[in-house]
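To keep things clear, I will list the structure first and then write my remarks on it.
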Amino acid sequence: MSTVESSSSAVQQPPSSTLPMLGDNQVSTMQLQMQASTSSSSSSGGGNGSVGVPLDTQSSGEPPAKKQMLDPNAASSSSPSSGGGGSGPAGARSGTNEKLAYRISTALCCAVCLDLPKTAMYQCQMGHLMCAACFTHLLADGRYETQKRKLKDLKNYLLLRDQIATCPNCRVEISKSTASRNLAVEKAASELPSECQFCNKEFPYKSLERHEQHECQERPTKCKYHRIGCQWRGPYHETTEHERNCLHPQKSGYEVMAALEAHDVKIKEEKKMFNTLIDLLSYEKIIFNDLQMKPYRTDEYVHKLFYETARFSAFNQQWVVKARINNSQRDPHQSNERTITYQLILKTKTSTPMSIHFFALKGPFSDMKVSTQIYKHEFTETSTESDYYVLPLPDGNGASGSSECNRMLANKGINFRLLMFLLNK
């Protein structure tokens, strides 16, 4: 019994310290067993391994778990050789490429919104990157701070055009004269892979918009007979088959008259809006601002999401644009329909009434798809906030703006241009 116990303990401990304590017969028996196990493992694994060391650790001397922790690609590269038949090297290369693309996109993103540039990319004197939208927003914030400091001195009021602001990273002063565009970053960012929202395939960032609008076979499309009442919407590759079987071309003129009348009403509304816009362009005081709305939450018991811009100047007054989602619905995530409403707020006091026409549209640093809708409000000393008006966001395919609204809410901020017209009385 004592001999059996000593032999079992000898197997668990290093052989160099225990073999001398065994008998000659036991030592030779153990050596034969170890040689037999080694030869069987080497024949099954396809190589000659060292005694007492697993095949997974013969090259590096590390246990499998530790080796996989040190080298994540070791498992994928070793799996095909063990008889799995998978594409280990190809999978490792694709994973490496994805990691490299992610690291590059992280290094080239804007320091403010953390997104890749959609238009231009600027940098401060220390090399910190800012996209054009955030750069304009920083200049606007700096202009407001400068105005607060110099508002008491009318002689320095005209110096507000200097637009002194600071870099959010190094606090170095930035302006349109000191900041410079980084064309190399713009070029590199345009070549990074981006995923199409319809077919989920990857394309270069610079060609993604063209693909989604004109080339993608899964992009949503309307029937060519939608003017006479066809409500079908589907992927582009199903359009030909649907139009071949569409029943609307066989309808009589009386049946399609209702759809044509609704189309005429829409055309009249657009014509009226454009005539109003032409009249507004004849006003003496017209101003526009490129703004950025950032998300905030209320301090109520149930927090509600809203968006707000920084203060900006127009007609010698201070203004703010505020927006909310689904009219501050308590649980907007439980609804499939999403709408954005916004209002214009006067932050300074006015002694005379101001009749303001205003509307939002796509700015030079924005990819927002918005229709033109002009609103009007009379700002007085007691009425400093306009009503909430709908921000018209069409999908471009006849549907509501829910998908476009979701795409905007997925961004770090909402960039747009606000046009304002002041009617002198």
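By order of appearance in the structure tokens: chains A, B, ..., then residues from 1 within every chain, and ligands from 1 in the order shown.
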
DSSP strand (DSSP E or B) residues within region 310-395 of chain A, listed as a count of residues only: 35

Give me, as a tab-separated table, the closest atom pair and its distance (Å, one decimal) for every residue of region 328-393 of chain A within a cut-off of 12 Å of region 401-422 of chain A, counting only C-alpha atoms, rows sorted by chain and rising number.
residue	atom	partner	partner_atom	distance
A:Pro332	CA	A:Asn406	CA	11.4
A:His333	CA	A:Asn406	CA	10.8
A:Ser335	CA	A:Ser402	CA	10.2
A:Asn336	CA	A:Ser402	CA	7.6
A:Glu337	CA	A:Ser402	CA	5.5
A:Arg338	CA	A:Ser402	CA	4.7
A:Thr339	CA	A:Ser402	CA	6.4
A:Ile340	CA	A:Cys405	CA	7.1
A:Thr341	CA	A:Cys405	CA	10.8
A:Tyr342	CA	A:Leu418	CA	11.5
A:Gln343	CA	A:Leu418	CA	11.4
A:Leu344	CA	A:Leu418	CA	10.0
A:Pro353	CA	A:Leu422	CA	10.5
A:Met354	CA	A:Leu422	CA	6.9
A:Ser355	CA	A:Leu422	CA	5.9
A:Ile356	CA	A:Leu422	CA	5.0
A:His357	CA	A:Phe421	CA	5.0
A:Phe358	CA	A:Met420	CA	4.5
A:Phe359	CA	A:Leu419	CA	5.7
A:Ala360	CA	A:Leu418	CA	4.6
A:Leu361	CA	A:Arg417	CA	5.4
A:Lys362	CA	A:Phe416	CA	5.2
A:Gly363	CA	A:Arg417	CA	4.7
A:Pro364	CA	A:Arg417	CA	8.0
A:Phe365	CA	A:Asn415	CA	6.9
A:Ser366	CA	A:Asn415	CA	5.3
A:Asp367	CA	A:Asn415	CA	8.1
A:Met368	CA	A:Phe416	CA	7.3
A:Lys369	CA	A:Glu404	CA	7.3
A:Val370	CA	A:Glu404	CA	9.0
A:Ser371	CA	A:Gly401	CA	10.3
A:Thr372	CA	A:Leu419	CA	10.9
A:Gln373	CA	A:Leu419	CA	11.2
A:Ile374	CA	A:Leu419	CA	9.5
A:Tyr375	CA	A:Met420	CA	9.8
A:Lys376	CA	A:Phe421	CA	9.4
A:His377	CA	A:Leu422	CA	10.4
A:Glu378	CA	A:Leu422	CA	10.1
A:Phe379	CA	A:Leu422	CA	10.7
A:Val390	CA	A:Gly401	CA	10.7
A:Leu391	CA	A:Gly401	CA	9.2
A:Pro392	CA	A:Gly401	CA	7.2
A:Leu393	CA	A:Gly401	CA	4.6

Produce a file of the selected residues containing N, CA and C atoms, as a CSV table (one decimal), in the first residue's frame.
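That gives us selection39.csv:
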chain,number,residue,atom,x,y,z
A,332,PRO,N,-41.1,57.8,-25.2
A,332,PRO,CA,-41.0,57.8,-26.7
A,332,PRO,C,-40.5,56.5,-27.3
A,333,HIS,N,-39.8,55.7,-26.5
A,333,HIS,CA,-39.2,54.5,-27.0
A,333,HIS,C,-40.3,53.4,-27.3
A,335,SER,N,-43.0,54.0,-29.0
A,335,SER,CA,-43.8,54.4,-30.2
A,335,SER,C,-42.9,54.2,-31.4
A,336,ASN,N,-43.5,53.7,-32.5
A,336,ASN,CA,-42.7,53.6,-33.7
A,336,ASN,C,-42.6,54.9,-34.5
A,337,GLU,N,-43.6,55.8,-34.3
A,337,GLU,CA,-43.6,57.1,-34.9
A,337,GLU,C,-42.7,58.1,-34.2
A,338,ARG,N,-41.8,58.8,-34.9
A,338,ARG,CA,-41.0,59.8,-34.2
A,338,ARG,C,-41.1,61.1,-35.0
A,339,THR,N,-41.3,62.2,-34.2
A,339,THR,CA,-41.3,63.5,-34.8
A,339,THR,C,-40.5,64.4,-33.9
A,340,ILE,N,-40.0,65.5,-34.6
A,340,ILE,CA,-39.2,66.5,-33.9
A,340,ILE,C,-39.9,67.8,-34.0
A,341,THR,N,-40.2,68.5,-33.0
A,341,THR,CA,-40.8,69.8,-33.0
A,341,THR,C,-39.8,70.8,-32.4
A,342,TYR,N,-39.8,72.0,-32.9
A,342,TYR,CA,-38.8,73.0,-32.4
A,342,TYR,C,-39.5,74.4,-32.2
A,343,GLN,N,-38.8,75.2,-31.4
A,343,GLN,CA,-39.3,76.5,-31.1
A,343,GLN,C,-38.2,77.5,-31.1
A,344,LEU,N,-38.5,78.8,-31.4
A,344,LEU,CA,-37.5,79.8,-31.3
A,344,LEU,C,-37.7,80.6,-30.0
A,353,PRO,N,-42.2,95.3,-30.5
A,353,PRO,CA,-42.5,94.0,-31.0
A,353,PRO,C,-41.7,93.6,-32.3
A,354,MET,N,-41.4,92.4,-32.4
A,354,MET,CA,-40.6,91.9,-33.5
A,354,MET,C,-41.4,90.8,-34.3
A,355,SER,N,-41.7,91.0,-35.5
A,355,SER,CA,-42.4,90.0,-36.3
A,355,SER,C,-41.4,89.2,-37.1
A,356,ILE,N,-41.2,88.0,-36.7
A,356,ILE,CA,-40.1,87.1,-37.2
A,356,ILE,C,-40.7,86.0,-38.0
A,357,HIS,N,-40.2,85.8,-39.2
A,357,HIS,CA,-40.5,84.6,-40.0
A,357,HIS,C,-39.2,83.8,-39.9
A,358,PHE,N,-39.3,82.5,-39.8
A,358,PHE,CA,-38.1,81.6,-39.6
A,358,PHE,C,-38.4,80.2,-40.1
A,359,PHE,N,-37.4,79.5,-40.5
A,359,PHE,CA,-37.5,78.1,-40.9
A,359,PHE,C,-36.1,77.5,-40.9
A,360,ALA,N,-36.1,76.2,-40.7
A,360,ALA,CA,-34.8,75.4,-40.7
A,360,ALA,C,-34.6,74.7,-42.0
A,361,LEU,N,-33.4,74.6,-42.4
A,361,LEU,CA,-33.0,73.9,-43.6
A,361,LEU,C,-31.7,73.3,-43.5
A,362,LYS,N,-31.3,72.4,-44.4
A,362,LYS,CA,-30.0,71.8,-44.4
A,362,LYS,C,-28.9,72.8,-44.5
A,363,GLY,N,-27.9,72.7,-43.7
A,363,GLY,CA,-26.8,73.6,-43.7
A,363,GLY,C,-25.6,73.0,-44.5
A,364,PRO,N,-24.5,73.8,-44.6
A,364,PRO,CA,-23.3,73.3,-45.3
A,364,PRO,C,-22.6,72.1,-44.6
A,365,PHE,N,-22.8,72.0,-43.3
A,365,PHE,CA,-22.1,70.9,-42.5
A,365,PHE,C,-23.1,69.9,-42.0
A,366,SER,N,-24.2,69.7,-42.7
A,366,SER,CA,-25.3,68.8,-42.2
A,366,SER,C,-25.7,67.9,-43.4
A,367,ASP,N,-26.1,66.7,-43.0
A,367,ASP,CA,-26.7,65.8,-44.0
A,367,ASP,C,-28.2,65.5,-43.7
A,368,MET,N,-28.8,66.5,-43.0
A,368,MET,CA,-30.2,66.4,-42.6
A,368,MET,C,-31.1,66.6,-43.9
A,369,LYS,N,-32.1,65.7,-44.0
A,369,LYS,CA,-33.1,65.9,-45.1
A,369,LYS,C,-34.3,66.5,-44.5
A,370,VAL,N,-34.6,67.8,-44.8
A,370,VAL,CA,-35.7,68.5,-44.3
A,370,VAL,C,-36.4,69.3,-45.4
A,371,SER,N,-37.7,69.3,-45.3
A,371,SER,CA,-38.5,70.1,-46.2
A,371,SER,C,-38.6,71.5,-45.7
A,372,THR,N,-39.0,72.4,-46.6
A,372,THR,CA,-39.1,73.8,-46.3
A,372,THR,C,-40.5,74.1,-45.7
A,373,GLN,N,-40.6,74.6,-44.6
A,373,GLN,CA,-41.9,75.0,-43.9
A,373,GLN,C,-41.6,76.3,-43.2
A,374,ILE,N,-42.2,77.4,-43.6
A,374,ILE,CA,-42.0,78.7,-43.0
A,374,ILE,C,-43.0,79.0,-41.8
A,375,TYR,N,-42.5,79.5,-40.7
A,375,TYR,CA,-43.3,79.8,-39.6
A,375,TYR,C,-43.1,81.2,-39.2
A,376,LYS,N,-44.1,81.7,-38.4
A,376,LYS,CA,-44.1,83.2,-38.0
A,376,LYS,C,-44.5,83.3,-36.6
A,377,HIS,N,-43.9,84.2,-35.9
A,377,HIS,CA,-44.3,84.5,-34.5
A,377,HIS,C,-44.0,86.0,-34.2
A,378,GLU,N,-44.8,86.6,-33.4
A,378,GLU,CA,-44.7,88.0,-33.0
A,378,GLU,C,-44.0,88.0,-31.6
A,379,PHE,N,-42.8,88.4,-31.5
A,379,PHE,CA,-42.1,88.4,-30.2
A,379,PHE,C,-42.3,89.7,-29.6
A,390,VAL,N,-43.5,71.7,-36.2
A,390,VAL,CA,-43.0,70.4,-36.6
A,390,VAL,C,-41.8,70.7,-37.6
A,391,LEU,N,-40.7,69.9,-37.4
A,391,LEU,CA,-39.6,69.9,-38.3
A,391,LEU,C,-39.9,68.9,-39.4
A,392,PRO,N,-40.2,69.3,-40.6
A,392,PRO,CA,-40.7,68.4,-41.6
A,392,PRO,C,-39.5,67.6,-42.1
A,393,LEU,N,-39.5,66.3,-41.8
A,393,LEU,CA,-38.4,65.4,-42.2
A,393,LEU,C,-39.0,64.3,-43.1

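In this model, the gap between CA of Ala323 (chain A) and CA of Ala133 (chain A) comes to 18.5 Å.
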
Identify, on the basis of only C-alpha atoms, every residue whose closest approach to His237 (chain A) does not exceed 9 Å; exclude the query and any residue fewer than 6 positions from it along the same chain; express the result as a ChimeraX atom specification. /A:216-219

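Take CA of Glu243 (chain A) and CA of Lys201 (chain A): the distance between them is 26.9 Å.
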
Apply DSSP to the structure's backbone, then extract all residues of region 164-309 of chain A labelled helix (DSSP H, G or I) and return them as an MDAnalysis selection string. chainID A and resid 183:190 205:215 226:228 236:245 248:250 253:280

If you measure from CA of Pro117 (chain A) to CA of Val320 (chain A), what distance in Å do you get, rounded to one decimal? 25.5 Å

Polymer residues at most 12 Å from Asp115 (chain A), only C-alpha atoms, same-chain spacing of 3 or more positions, as number ranges by chain: A: 105-112, 118-119, 121, 129-134, 189, 410-413
